[in-house]
file run.cif (mmCIF, C-alpha atoms)
data_run
#
loop_
_atom_site.label_atom_id
_atom_site.label_comp_id
_atom_site.auth_asym_id
_atom_site.auth_seq_id
_atom_site.Cartn_x
_atom_site.Cartn_y
_atom_site.Cartn_z
CA MET A 209 4.04 -59.35 -38.16
CA SER A 210 3.83 -56.86 -35.37
CA GLU A 211 5.59 -53.55 -35.56
CA THR A 212 6.88 -51.90 -32.41
CA LEU A 213 6.37 -48.14 -32.34
CA ALA A 214 9.00 -46.16 -30.44
CA ARG A 215 7.57 -43.77 -27.91
CA PRO A 216 8.71 -40.19 -28.26
CA GLY A 217 11.04 -38.99 -25.50
CA PRO A 218 10.38 -36.00 -23.27
CA ARG A 219 10.14 -32.84 -25.34
CA VAL A 220 11.72 -29.64 -24.12
CA ARG A 221 9.37 -26.73 -24.47
CA PRO A 222 10.53 -23.67 -26.40
CA ALA A 223 9.87 -21.59 -23.28
CA ALA A 224 12.78 -23.33 -21.54
CA TYR A 225 15.17 -22.28 -24.31
CA GLY A 226 13.73 -18.78 -24.24
CA GLY A 227 14.18 -18.53 -20.48
CA ALA A 228 17.78 -19.71 -20.66
CA ALA A 229 18.56 -17.23 -23.44
CA ALA A 230 16.89 -14.40 -21.53
CA GLY A 231 18.92 -15.27 -18.42
CA LEU A 232 22.18 -15.13 -20.34
CA VAL A 233 21.22 -11.78 -21.86
CA LEU A 234 20.37 -10.32 -18.45
CA LEU A 235 23.70 -11.46 -17.05
CA ALA A 236 25.60 -9.82 -19.91
CA LEU A 237 23.74 -6.50 -20.00
CA PRO A 238 25.96 -4.63 -17.46
CA PHE A 239 28.90 -5.08 -19.84
CA TYR A 240 27.15 -3.26 -22.70
CA LEU A 241 24.47 -0.86 -21.40
CA ASP A 242 25.00 2.59 -19.95
CA ARG A 243 23.85 3.80 -16.54
CA PHE A 244 20.40 4.97 -17.63
CA TRP A 245 19.26 1.60 -18.94
CA LEU A 246 20.71 -0.33 -16.01
CA GLN A 247 19.02 2.03 -13.56
CA ALA A 248 15.74 1.67 -15.43
CA GLY A 249 16.10 -2.11 -15.25
CA LEU A 250 16.71 -1.95 -11.50
CA PHE A 251 13.57 0.15 -11.05
CA ALA A 252 11.70 -2.52 -13.01
CA MET A 253 13.09 -5.26 -10.76
CA ALA A 254 12.00 -3.40 -7.63
CA ALA A 255 8.56 -2.78 -9.12
CA ALA A 256 8.26 -6.47 -10.03
CA LEU A 257 9.06 -7.51 -6.46
CA GLY A 258 6.42 -5.19 -5.05
CA ALA A 259 3.91 -6.31 -7.69
CA ILE A 260 4.43 -9.96 -6.76
CA GLY A 261 3.61 -9.09 -3.16
CA ILE A 262 0.39 -7.26 -3.90
CA ASN A 263 -0.61 -9.90 -6.45
CA LEU A 264 -0.43 -12.55 -3.74
CA LEU A 265 -2.81 -10.43 -1.68
CA THR A 266 -5.15 -9.05 -4.33
CA GLY A 267 -4.84 -11.44 -7.26
CA ALA A 268 -4.57 -14.76 -5.41
CA THR A 269 -6.53 -14.04 -2.22
CA GLY A 270 -8.96 -11.37 -3.42
CA GLN A 271 -8.01 -8.74 -0.83
CA LEU A 272 -7.89 -5.15 -2.06
CA SER A 273 -5.04 -3.08 -0.64
CA MET A 274 -4.51 0.62 -1.26
CA GLY A 275 -1.63 0.98 1.20
CA HIS A 276 1.15 -0.89 -0.58
CA ALA A 277 3.26 2.27 -0.85
CA PHE A 278 3.29 2.54 2.95
CA PHE A 279 5.18 -0.74 3.30
CA LEU A 280 7.63 0.26 0.58
CA ALA A 281 8.34 3.37 2.64
CA VAL A 282 8.82 1.26 5.77
CA GLY A 283 11.40 -0.87 3.96
CA ALA A 284 13.25 2.09 2.42
CA TYR A 285 13.39 4.27 5.53
CA GLY A 286 13.91 1.28 7.79
CA TYR A 287 17.07 0.41 5.88
CA CYS A 288 18.31 4.00 6.17
CA ALA A 289 17.65 4.05 9.91
CA PHE A 290 19.33 0.71 10.55
CA ALA A 291 22.34 1.32 8.31
CA GLY A 292 22.86 5.05 8.95
CA ASP A 293 25.69 6.04 11.27
CA GLY A 294 24.21 9.38 12.37
CA ALA A 295 26.90 11.46 10.65
CA ASP A 296 24.25 13.44 8.77
CA GLY A 297 22.47 14.38 12.01
CA LEU A 298 19.69 11.84 11.50
CA ALA A 299 18.94 8.77 13.61
CA GLY A 300 20.87 5.67 12.69
CA LEU A 301 22.11 2.48 14.33
CA GLY A 302 25.18 1.97 12.13
CA LEU A 303 24.48 -1.72 11.45
CA PRO A 304 26.10 -3.61 8.54
CA GLY A 305 24.26 -3.10 5.28
CA TRP A 306 23.14 -6.70 4.81
CA LEU A 307 21.79 -6.85 8.36
CA ALA A 308 20.04 -3.51 7.92
CA ALA A 309 18.35 -4.80 4.76
CA VAL A 310 17.13 -7.96 6.50
CA LEU A 311 15.83 -5.98 9.46
CA ALA A 312 14.09 -3.49 7.15
CA VAL A 313 12.20 -6.31 5.43
CA ALA A 314 11.34 -7.78 8.84
CA LEU A 315 10.15 -4.35 9.99
CA ALA A 316 7.82 -4.12 6.99
CA GLY A 317 6.49 -7.56 7.86
CA LEU A 318 6.01 -6.46 11.46
CA ALA A 319 4.06 -3.41 10.32
CA GLY A 320 1.91 -5.72 8.21
CA GLY A 321 1.48 -8.01 11.21
CA VAL A 322 0.20 -5.11 13.32
CA PHE A 323 -2.41 -4.40 10.66
CA SER A 324 -3.11 -8.07 9.91
CA PRO A 325 -5.97 -8.51 12.44
CA ILE A 326 -7.87 -5.86 10.50
CA ALA A 327 -6.89 -7.45 7.18
CA GLY A 328 -8.09 -10.83 8.44
CA ARG A 329 -11.58 -9.58 9.19
CA LEU A 330 -12.22 -7.13 6.35
CA HIS A 331 -12.44 -7.82 2.64
CA GLY A 332 -13.14 -6.04 -0.61
CA ALA A 333 -13.67 -2.31 -0.61
CA TYR A 334 -13.73 -2.20 3.21
CA LEU A 335 -10.14 -3.39 3.40
CA GLY A 336 -9.17 -0.99 0.63
CA ILE A 337 -10.56 1.95 2.59
CA ALA A 338 -8.85 0.76 5.77
CA THR A 339 -5.47 0.41 4.06
CA LEU A 340 -5.96 3.84 2.52
CA ALA A 341 -5.50 5.25 6.02
CA LEU A 342 -1.96 3.84 6.05
CA ILE A 343 -0.98 6.20 3.23
CA PHE A 344 -2.12 9.28 5.15
CA ILE A 345 -0.47 8.12 8.35
CA GLY A 346 2.75 7.29 6.52
CA GLN A 347 2.89 10.62 4.71
CA HIS A 348 2.35 12.52 7.96
CA VAL A 349 5.16 10.63 9.69
CA LEU A 350 7.57 10.93 6.77
CA PHE A 351 7.13 14.69 6.45
CA ASN A 352 7.19 15.49 10.17
CA ALA A 353 9.60 13.02 11.80
CA HIS A 354 12.65 15.08 10.76
CA ASP A 355 15.13 13.31 13.03
CA LEU A 356 14.28 9.96 11.47
CA THR A 357 13.24 10.67 7.88
CA GLY A 358 14.85 14.03 7.12
CA GLY A 359 11.49 15.64 6.44
CA TYR A 360 10.63 16.95 2.99
CA ASN A 361 14.19 16.66 1.67
CA GLY A 362 14.47 13.00 2.69
CA ARG A 363 17.74 11.38 3.67
CA ALA A 364 20.72 9.81 1.95
CA VAL A 365 20.84 6.03 1.64
CA PRO A 366 23.96 4.29 3.01
CA PRO A 367 25.53 1.89 0.49
CA LEU A 368 25.03 -1.82 0.96
CA SER A 369 27.98 -4.03 1.81
CA LEU A 370 27.86 -7.81 1.43
CA PHE A 371 30.74 -10.24 1.96
CA GLY A 372 33.24 -7.42 1.75
CA LEU A 373 31.78 -6.05 -1.50
CA ALA A 374 30.46 -2.48 -1.26
CA PHE A 375 27.64 -1.64 -3.65
CA ASP A 376 28.81 1.94 -4.14
CA ASP A 377 30.44 3.93 -6.93
CA THR A 378 33.90 2.58 -6.14
CA GLU A 379 34.96 1.12 -9.48
CA LEU A 380 35.58 -2.60 -9.73
CA LEU A 381 37.14 -3.92 -12.93
CA VAL A 382 35.40 -7.03 -14.31
CA ALA A 383 36.77 -8.21 -17.69
CA GLN A 384 38.25 -4.73 -18.19
CA VAL A 385 34.80 -3.15 -17.65
CA PRO A 386 34.45 -0.72 -14.73
CA PHE A 387 31.61 -1.74 -12.45
CA GLY A 388 30.02 1.00 -10.34
CA ALA A 389 27.07 0.95 -7.96
CA VAL A 390 24.45 0.34 -10.67
CA GLU A 391 26.35 -2.56 -12.25
CA LYS A 392 26.86 -4.23 -8.89
CA LEU A 393 23.24 -3.71 -7.85
CA TRP A 394 22.10 -5.22 -11.16
CA TYR A 395 23.18 -8.70 -10.14
CA LEU A 396 21.83 -8.25 -6.63
CA GLY A 397 18.48 -7.24 -8.11
CA LEU A 398 18.46 -10.32 -10.36
CA VAL A 399 19.10 -12.60 -7.39
CA LEU A 400 16.37 -10.96 -5.30
CA LEU A 401 13.87 -11.06 -8.15
CA LEU A 402 14.60 -14.70 -8.94
CA GLY A 403 14.25 -15.66 -5.28
CA GLY A 404 11.00 -13.70 -4.99
CA VAL A 405 9.54 -15.34 -8.11
CA LEU A 406 10.47 -18.87 -7.04
CA PHE A 407 9.14 -18.41 -3.51
CA ALA A 408 5.84 -16.93 -4.70
CA ARG A 409 5.36 -19.72 -7.24
CA GLY A 410 6.04 -22.29 -4.54
CA VAL A 411 3.43 -20.68 -2.30
CA LEU A 412 0.80 -20.56 -5.04
CA ARG A 413 1.39 -24.16 -6.16
CA GLY A 414 1.24 -25.61 -2.64
CA ARG A 415 -1.50 -25.97 -0.07
CA PRO A 416 -1.38 -22.27 0.94
CA GLY A 417 -2.01 -21.29 -2.68
CA ARG A 418 -5.02 -23.59 -2.97
CA ALA A 419 -6.42 -22.16 0.25
CA MET A 420 -5.85 -18.60 -1.00
CA ASN A 421 -7.67 -19.31 -4.26
CA ALA A 422 -10.53 -20.93 -2.38
CA ILE A 423 -10.86 -17.86 -0.18
CA ARG A 424 -10.83 -15.63 -3.24
CA ASP A 425 -13.44 -17.62 -5.19
CA HIS A 426 -15.74 -18.92 -2.43
CA ARG A 427 -14.98 -17.40 0.93
CA ILE A 428 -17.93 -18.92 2.80
CA ALA A 429 -17.47 -22.33 1.22
CA ALA A 430 -13.77 -22.26 2.11
CA GLY A 431 -14.66 -21.58 5.74
CA VAL A 432 -17.17 -24.41 5.76
CA MET A 433 -14.50 -26.77 4.39
CA GLY A 434 -12.23 -25.95 7.31
CA VAL A 435 -9.95 -23.30 5.79
CA PRO A 436 -9.05 -20.70 8.47
CA VAL A 437 -10.04 -17.68 6.38
CA ALA A 438 -8.99 -14.93 8.79
CA ARG A 439 -5.62 -16.54 9.54
CA HIS A 440 -4.77 -17.03 5.86
CA ARG A 441 -5.76 -13.47 5.04
CA ALA A 442 -3.59 -12.12 7.83
CA ALA A 443 -0.62 -14.31 6.82
CA VAL A 444 -0.83 -13.25 3.17
CA PHE A 445 -1.02 -9.61 4.22
CA VAL A 446 2.21 -10.01 6.21
CA LEU A 447 3.90 -11.77 3.27
CA SER A 448 2.77 -9.05 0.88
CA SER A 449 4.15 -6.41 3.25
CA MET A 450 7.54 -8.14 3.32
CA TYR A 451 7.68 -8.20 -0.47
CA ALA A 452 6.90 -4.49 -0.45
CA GLY A 453 9.60 -3.87 2.16
CA LEU A 454 12.16 -5.71 0.02
CA ALA A 455 11.14 -3.64 -3.00
CA GLY A 456 11.51 -0.49 -0.90
CA VAL A 457 15.05 -1.46 0.13
CA LEU A 458 16.07 -2.07 -3.49
CA LEU A 459 14.48 1.21 -4.58
CA ALA A 460 16.35 3.11 -1.87
CA LEU A 461 19.67 1.56 -2.92
CA VAL A 462 19.05 2.52 -6.56
CA PHE A 463 17.77 6.05 -5.85
CA GLN A 464 20.48 6.64 -3.23
CA ARG A 465 18.05 9.03 -1.54
CA THR A 466 14.60 8.56 -0.03
CA VAL A 467 11.95 11.23 -0.68
CA PRO A 468 8.61 11.16 1.20
CA GLU A 469 6.44 12.38 -1.67
CA TYR A 470 7.40 9.34 -3.78
CA PHE A 471 5.62 6.96 -1.38
CA GLY A 472 2.17 8.41 -1.86
CA MET A 473 -1.21 7.43 -3.25
CA ALA A 474 0.00 7.49 -6.86
CA LEU A 475 2.51 4.71 -6.14
CA SER A 476 -0.18 2.46 -4.65
CA LEU A 477 -2.39 3.01 -7.69
CA GLU A 478 0.52 2.17 -9.98
CA TYR A 479 0.96 -1.17 -8.24
CA LEU A 480 -2.71 -1.97 -8.71
CA ALA A 481 -2.31 -1.10 -12.39
CA MET A 482 0.70 -3.44 -12.58
CA ILE A 483 -1.19 -6.51 -11.45
CA VAL A 484 -4.28 -5.75 -13.55
CA ILE A 485 -2.24 -5.20 -16.71
CA GLY A 486 0.05 -8.15 -16.00
CA GLY A 487 -2.62 -10.59 -14.86
CA LEU A 488 -4.27 -11.14 -11.50
CA GLY A 489 -3.00 -14.18 -9.61
CA SER A 490 -0.03 -14.77 -11.93
CA VAL A 491 3.57 -14.35 -10.78
CA ALA A 492 4.81 -13.92 -14.34
CA GLY A 493 2.04 -11.42 -14.94
CA ALA A 494 3.09 -9.41 -11.90
CA VAL A 495 6.66 -9.25 -13.23
CA ALA A 496 5.46 -8.24 -16.71
CA GLY A 497 3.13 -5.58 -15.32
CA GLY A 498 5.83 -4.20 -13.04
CA VAL A 499 8.27 -3.92 -15.94
CA PHE A 500 5.68 -2.24 -18.17
CA VAL A 501 4.46 0.32 -15.64
CA SER A 502 7.91 1.20 -14.30
CA LEU A 503 9.68 1.51 -17.65
CA LEU A 504 6.99 3.49 -19.48
CA PRO A 505 7.50 6.91 -17.81
CA GLN A 506 11.27 6.58 -18.02
CA LEU A 507 11.13 5.81 -21.74
CA LEU A 508 8.77 8.71 -22.33
CA THR A 509 11.13 11.01 -20.45
CA ARG A 510 14.13 9.71 -22.36
CA TYR A 511 12.54 10.20 -25.78
CA SER A 512 10.23 13.13 -25.05
CA ASP A 513 11.89 15.24 -27.77
CA ALA A 514 11.05 12.70 -30.47
CA LEU A 515 7.46 11.93 -29.37
CA PRO A 516 4.44 14.02 -30.37
CA LEU A 517 2.44 15.78 -27.63
CA VAL A 518 5.02 14.76 -25.02
CA SER A 519 7.51 17.32 -23.75
CA ALA A 520 9.89 17.74 -20.86
CA PRO A 521 8.32 18.86 -17.56
CA GLY A 522 7.77 22.62 -17.39
CA THR A 523 8.08 23.25 -21.14
CA GLY A 524 4.39 22.97 -22.07
CA GLY A 525 2.48 20.06 -23.51
CA ILE A 526 1.98 16.78 -21.71
CA ALA A 527 4.66 15.79 -19.22
CA PRO A 528 6.01 12.25 -19.50
CA GLY A 529 4.58 11.26 -16.12
CA GLU A 530 1.09 12.45 -17.11
CA ALA A 531 1.31 10.71 -20.47
CA ALA A 532 2.34 7.51 -18.73
CA ARG A 533 -0.72 7.69 -16.47
CA TYR A 534 -2.99 8.15 -19.48
CA LEU A 535 -1.46 5.07 -21.04
CA TYR A 536 -1.87 3.14 -17.77
CA GLY A 537 -5.55 3.96 -17.75
CA ALA A 538 -5.99 2.97 -21.39
CA ALA A 539 -4.11 -0.28 -20.79
CA VAL A 540 -6.23 -1.14 -17.74
CA VAL A 541 -9.47 -0.50 -19.67
CA ALA A 542 -8.23 -2.54 -22.64
CA VAL A 543 -7.21 -5.45 -20.39
CA VAL A 544 -10.52 -5.47 -18.51
CA LEU A 545 -12.56 -5.39 -21.73
CA PHE A 546 -10.56 -7.53 -24.14
CA LEU A 547 -7.94 -9.48 -22.18
CA PRO A 548 -9.15 -10.34 -18.65
CA GLY A 549 -6.10 -12.48 -17.93
CA GLY A 550 -3.67 -9.64 -18.68
CA LEU A 551 -0.29 -9.99 -20.35
CA ALA A 552 0.21 -13.41 -18.75
CA ARG A 553 -2.90 -14.73 -20.50
CA LEU A 554 -1.69 -13.29 -23.80
CA ALA A 555 1.69 -14.99 -23.44
CA ALA A 556 0.05 -18.30 -22.52
CA ARG A 557 -2.06 -18.37 -25.66
CA THR A 558 0.90 -18.66 -28.03
CA PRO A 559 2.25 -22.00 -26.67
CA GLU A 560 -1.28 -23.39 -26.60
CA ARG A 561 -1.83 -22.52 -30.24
CA SER A 562 1.53 -23.96 -31.29
CA GLU A 563 0.80 -27.21 -29.44
CA ARG A 564 -2.61 -27.47 -31.09
CA SER A 565 -1.14 -26.89 -34.53
CA GLU A 566 1.55 -29.51 -33.91
CA THR A 567 -1.09 -31.97 -32.77
CA SER A 568 -3.24 -31.36 -35.84
CA GLU A 569 -0.28 -31.68 -38.22
CA THR A 570 1.08 -34.91 -36.67
CA PRO A 571 0.05 -37.90 -38.85
CA LYS A 572 -1.93 -40.48 -37.03
CA THR A 573 -0.54 -44.01 -36.87
CA PRO A 574 -2.82 -46.67 -38.33
CA ASP A 575 -4.63 -48.64 -35.71
CA THR A 576 -4.18 -52.42 -35.55
CA PRO A 577 -7.23 -54.02 -37.19
CA THR A 578 -9.45 -55.89 -34.80
CA PRO A 579 -11.44 -58.98 -35.78
CA PRO A 580 -15.11 -58.35 -36.38
CA THR A 581 -17.37 -59.13 -33.50
CA SER A 582 -20.05 -61.71 -34.20
CA THR A 583 -23.59 -60.71 -33.44
CA GLU A 584 -24.81 -64.27 -33.13
CA PRO A 585 -25.27 -65.92 -29.72
CA SER A 586 -22.34 -68.06 -28.79
CA GLY A 587 -24.35 -71.13 -27.97
CA GLU A 588 -26.62 -71.16 -31.02
CA THR A 589 -26.32 -74.01 -33.61
CA ARG A 590 -27.29 -73.69 -37.24
#
call {"tool": "encode", "arguments": {"input": "run.cif", "output": "structure tokens"}}
result
Amino acid sequence: MSETLARPGPRVRPAAYGGAAAGLVLLALPFYLDRFWLQAGLFAMAAALGAIGINLLTGATGQLSMGHAFFLAVGAYGYCAFAGDGADGLAGLGLPGWLAAVLAVALAGLAGGVFSPIAGRLHGAYLGIATLALIFIGQHVLFNAHDLTGGYNGRAVPPLSLFGLAFDDTELLVAQVPFGAVEKLWYLGLVLLLGGVLFARGVLRGRPGRAMNAIRDHRIAAGVMGVPVARHRAAVFVLSSMYAGLAGVLLALVFQRTVPEYFGMALSLEYLAMIVIGGLGSVAGAVAGGVFVSLLPQLLTRYSDALPLVSAPGTGGIAPGEAARYLYGAAVVAVVLFLPGGLARLAARTPERSERSETSETPKTPDTPTPPTSTEPSGETR
């Protein structure tokens, strides 16, 4: 009597339930959180977008860039120049907000395209030194082009308008909850971050991603196999610049004012810390690293009175920004020594362990007995 064993159906991973629950929580947060936490979340979204861009360049392709802050500045100030109406005495074209945002991202990509021939031919520390020059050039322009950037004091950021909805402080009642600029921008940031994550994952899982990984791991072998190394490097540099430009636009909308000193060397180093802590070459790791690095100084500032050795700026002790940098450095050292894959590797270990435990605990079905095989020759007679 033969017994038919039913095959188990497709099993939904716990990560899918966790992702759905996290999405619902993120959608509901503007109804319950105050302005500080929503603004901190928007800074994290902008940092995650920029981290995805530099992770495509550094983590997936192996190209070191120290000028990521320059392209964030291009996106932020480009949006102000395109959307400004000139009422504040600064240059502006008065374009619609959505069009200004698109053009600002395109302008960042164009700036990356101008530099891409250099990025296509240099690699490693040589490219890092070359991109370092972009920071000095950008800082000089931002501080001295007063008619365009406003100089040291910066310039105000025009509010974004999309489909008749203005992302400003004009209150909009949603389920009896007043929505201001931060609440409206929250959902815009979620859409931009989701689109950025999906696009980057599509790039990494397709043929471009395989070519990028081949260039990172074996550059000469990739060239011998027919991969256009210089062209791929240049294209990834442009894509990374556009991600940075989009992050700069979102940052400008959240800050509501652009300041030149923000887009300096420290910002570029923070983005490198994001991808190392989160995990090189991982989109989820870039998001996790961006959230960690961007939220840490804000949390330290918020709770500086309750933390030892940390005090408000100018009151003695360690300022929250300095304490955050110390923690960045400790986290980078810890990741390099004990967790090379970053936070993404740490998160991936838990599902693997659970699957292994489930496999070991699952009882094995008895095999169907097979008749013994005779060792005698088939044609032999006794």
call {"tool": "resolve_selection", "arguments": {"input": "run.cif", "expression": "the PyMOL selection byres ((chain A and resi 348) around 12)", "output": "list of chain:residue names"}}
result
A:Phe278, A:Ala341, A:Leu342, A:Ile343, A:Phe344, A:Ile345, A:Gly346, A:Gln347, A:Val349, A:Leu350, A:Phe351, A:Asn352, A:Ala353, A:His354, A:Thr357, A:Gly359, A:Tyr360, A:Pro468, A:Glu469, A:Phe471, A:Gly472
call {"tool": "closest_atom_pairs", "arguments": {"input": "run.cif", "of": "range 417-518 of chain A", "to": "range 386-400 of chain A", "cutoff": "9 Å", "atoms": "only C-alpha atoms", "output": "CSV"}}
result
residue,atom,partner,partner_atom,distance
A:Leu454,CA,A:Leu400,CA,8.6
A:Leu458,CA,A:Gly397,CA,7.3
A:Leu461,CA,A:Leu393,CA,8.1
A:Val462,CA,A:Val390,CA,7.1
call {"tool": "resolve_selection", "arguments": {"input": "run.cif", "expression": "the PyMOL selection byres ((chain A and resi 293) around 12)", "output": "PDB file with C-alpha atoms, in the coordinates of the input"}}
result
ATOM      1  CA  TYR A 287      17.070   0.410   5.880  1.00  0.00           C
ATOM      2  CA  CYS A 288      18.310   4.000   6.170  1.00  0.00           C
ATOM      3  CA  ALA A 289      17.650   4.050   9.910  1.00  0.00           C
ATOM      4  CA  PHE A 290      19.330   0.710  10.550  1.00  0.00           C
ATOM      5  CA  ALA A 291      22.340   1.320   8.310  1.00  0.00           C
ATOM      6  CA  GLY A 292      22.860   5.050   8.950  1.00  0.00           C
ATOM      7  CA  GLY A 294      24.210   9.380  12.370  1.00  0.00           C
ATOM      8  CA  ALA A 295      26.900  11.460  10.650  1.00  0.00           C
ATOM      9  CA  ASP A 296      24.250  13.440   8.770  1.00  0.00           C
ATOM     10  CA  GLY A 297      22.470  14.380  12.010  1.00  0.00           C
ATOM     11  CA  LEU A 298      19.690  11.840  11.500  1.00  0.00           C
ATOM     12  CA  ALA A 299      18.940   8.770  13.610  1.00  0.00           C
ATOM     13  CA  GLY A 300      20.870   5.670  12.690  1.00  0.00           C
ATOM     14  CA  LEU A 301      22.110   2.480  14.330  1.00  0.00           C
ATOM     15  CA  GLY A 302      25.180   1.970  12.130  1.00  0.00           C
ATOM     16  CA  LEU A 303      24.480  -1.720  11.450  1.00  0.00           C
ATOM     17  CA  PRO A 304      26.100  -3.610   8.540  1.00  0.00           C
ATOM     18  CA  GLY A 305      24.260  -3.100   5.280  1.00  0.00           C
ATOM     19  CA  ALA A 308      20.040  -3.510   7.920  1.00  0.00           C
ATOM     20  CA  ALA A 364      20.720   9.810   1.950  1.00  0.00           C
ATOM     21  CA  VAL A 365      20.840   6.030   1.640  1.00  0.00           C
ATOM     22  CA  PRO A 366      23.960   4.290   3.010  1.00  0.00           C
ATOM     23  CA  PRO A 367      25.530   1.890   0.490  1.00  0.00           C
TER      24      PRO A 367
END
call {"tool": "atom_distance", "arguments": {"input": "run.cif", "atom1": "CA of Ala252 in chain A", "atom2": "CA of Ser502 in chain A"}}
result
5.5 Å
call {"tool": "atom_distance", "arguments": {"input": "run.cif", "atom1": "CA of Leu554 in chain A", "atom2": "CA of Val484 in chain A"}}
result
13.0 Å
call {"tool": "atom_distance", "arguments": {"input": "run.cif", "atom1": "CA of Gly258 in chain A", "atom2": "CA of Tyr511 in chain A"}}
result
26.5 Å
call {"tool": "residues_around", "arguments": {"input": "run.cif", "residues": "Leu459 in chain A", "least_positions_apart": "5", "cutoff": "9 Å", "atoms": "all atoms listed in the file", "output": "PyMOL selection string"}}
result
chain A and resi 250-251+254-255+280+284+454+464+466
call {"tool": "resolve_selection", "arguments": {"input": "run.cif", "expression": "the PyMOL selection byres ((chain A and resi 478) around 10)", "output": "PyMOL selection string"}}
result
chain A and resi 255+259+276-277+473-477+479-484+497-498+501-502+533+536
call {"tool": "write_last_selection", "arguments": {"input": "run.cif", "atoms": "C-alpha atoms", "output": "PDB file, in the frame of the given file"}}
result
ATOM      1  CA  ALA A 255       8.560  -2.780  -9.120  1.00  0.00           C
ATOM      2  CA  ALA A 259       3.910  -6.310  -7.690  1.00  0.00           C
ATOM      3  CA  HIS A 276       1.150  -0.890  -0.580  1.00  0.00           C
ATOM      4  CA  ALA A 277       3.260   2.270  -0.850  1.00  0.00           C
ATOM      5  CA  MET A 473      -1.210   7.430  -3.250  1.00  0.00           C
ATOM      6  CA  ALA A 474       0.000   7.490  -6.860  1.00  0.00           C
ATOM      7  CA  LEU A 475       2.510   4.710  -6.140  1.00  0.00           C
ATOM      8  CA  SER A 476      -0.180   2.460  -4.650  1.00  0.00           C
ATOM      9  CA  LEU A 477      -2.390   3.010  -7.690  1.00  0.00           C
ATOM     10  CA  TYR A 479       0.960  -1.170  -8.240  1.00  0.00           C
ATOM     11  CA  LEU A 480      -2.710  -1.970  -8.710  1.00  0.00           C
ATOM     12  CA  ALA A 481      -2.310  -1.100 -12.390  1.00  0.00           C
ATOM     13  CA  MET A 482       0.700  -3.440 -12.580  1.00  0.00           C
ATOM     14  CA  ILE A 483      -1.190  -6.510 -11.450  1.00  0.00           C
ATOM     15  CA  VAL A 484      -4.280  -5.750 -13.550  1.00  0.00           C
ATOM     16  CA  GLY A 497       3.130  -5.580 -15.320  1.00  0.00           C
ATOM     17  CA  GLY A 498       5.830  -4.200 -13.040  1.00  0.00           C
ATOM     18  CA  VAL A 501       4.460   0.320 -15.640  1.00  0.00           C
ATOM     19  CA  SER A 502       7.910   1.200 -14.300  1.00  0.00           C
ATOM     20  CA  ARG A 533      -0.720   7.690 -16.470  1.00  0.00           C
ATOM     21  CA  TYR A 536      -1.870   3.140 -17.770  1.00  0.00           C
TER      22      TYR A 536
END
call {"tool": "axis_aligned_box", "arguments": {"input": "run.cif", "around": "range 504-523 of chain A", "padding_each_side": "3 Å", "output": "lines of an AutoDock Vina configuration file"}}
result
center_x = 8.3
center_y = 13.4
center_z = -23.9
size_x = 17.7
size_y = 25.8
size_z = 19.1
call {"tool": "residues_around", "arguments": {"input": "run.cif", "residues": "Gly549 in chain A", "least_positions_apart": "6", "cutoff": "8 Å", "atoms": "all atoms listed in the file", "output": "list in words"}}
result
Gly486, Gly487, Leu488 and Val543 of chain A
call {"tool": "closest_residue", "arguments": {"input": "run.cif", "among": "A:Phe445, A:Trp245, A:Trp306, A:Phe371", "to": "Thr269 in chain A", "atoms": "only C-alpha atoms"}}
result
A:Phe445
call {"tool": "closest_atom_pairs", "arguments": {"input": "run.cif", "of": "range 423-478 of chain A", "to": "range 402-409 of chain A", "cutoff": "12 Å", "atoms": "all atoms listed in the file", "output": "CSV"}}
result
residue,atom,partner,partner_atom,distance
A:Val444,CA,A:Ala408,CA,11.0
A:Leu447,CA,A:Ala408,CA,9.7
A:Ser448,CA,A:Ala408,CA,10.1
A:Met450,CA,A:Gly404,CA,10.6
A:Tyr451,CA,A:Gly404,CA,7.9
A:Ala452,CA,A:Gly404,CA,11.1
A:Leu454,CA,A:Gly404,CA,9.5
A:Ala455,CA,A:Gly404,CA,10.3
call {"tool": "closest_residue", "arguments": {"input": "run.cif", "among": "A:Leu265, A:Ala527, A:Gly317, A:Arg329", "to": "Gly417 in chain A", "atoms": "all atoms listed in the file"}}
result
A:Leu265
call {"tool": "closest_residue", "arguments": {"input": "run.cif", "among": "A:Gly226, A:Gly550, A:Gly453, A:Gly414", "to": "Ala319 in chain A", "atoms": "all atoms listed in the file"}}
result
A:Gly453
call {"tool": "residues_around", "arguments": {"input": "run.cif", "residues": "Asp425 in chain A", "least_positions_apart": "4", "cutoff": "9 Å", "atoms": "all atoms listed in the file", "output": "list of chain:residue names"}}
result
A:Thr269, A:Gly270, A:Met420, A:Asn421, A:Ala429, A:Ala430
call {"tool": "write_last_selection", "arguments": {"input": "run.cif", "atoms": "C-alpha atoms", "output": "PDB file, keeping the file's coordinate frame"}}
result
ATOM      1  CA  THR A 269      -6.530 -14.040  -2.220  1.00  0.00           C
ATOM      2  CA  GLY A 270      -8.960 -11.370  -3.420  1.00  0.00           C
ATOM      3  CA  MET A 420      -5.850 -18.600  -1.000  1.00  0.00           C
ATOM      4  CA  ASN A 421      -7.670 -19.310  -4.260  1.00  0.00           C
ATOM      5  CA  ALA A 429     -17.470 -22.330   1.220  1.00  0.00           C
ATOM      6  CA  ALA A 430     -13.770 -22.260   2.110  1.00  0.00           C
TER       7      ALA A 430
END
call {"tool": "closest_residue", "arguments": {"input": "run.cif", "among": "A:Gly489, A:Pro516, A:Pro548, A:Pro505", "to": "Ala268 in chain A", "atoms": "all atoms listed in the file"}}
result
A:Gly489
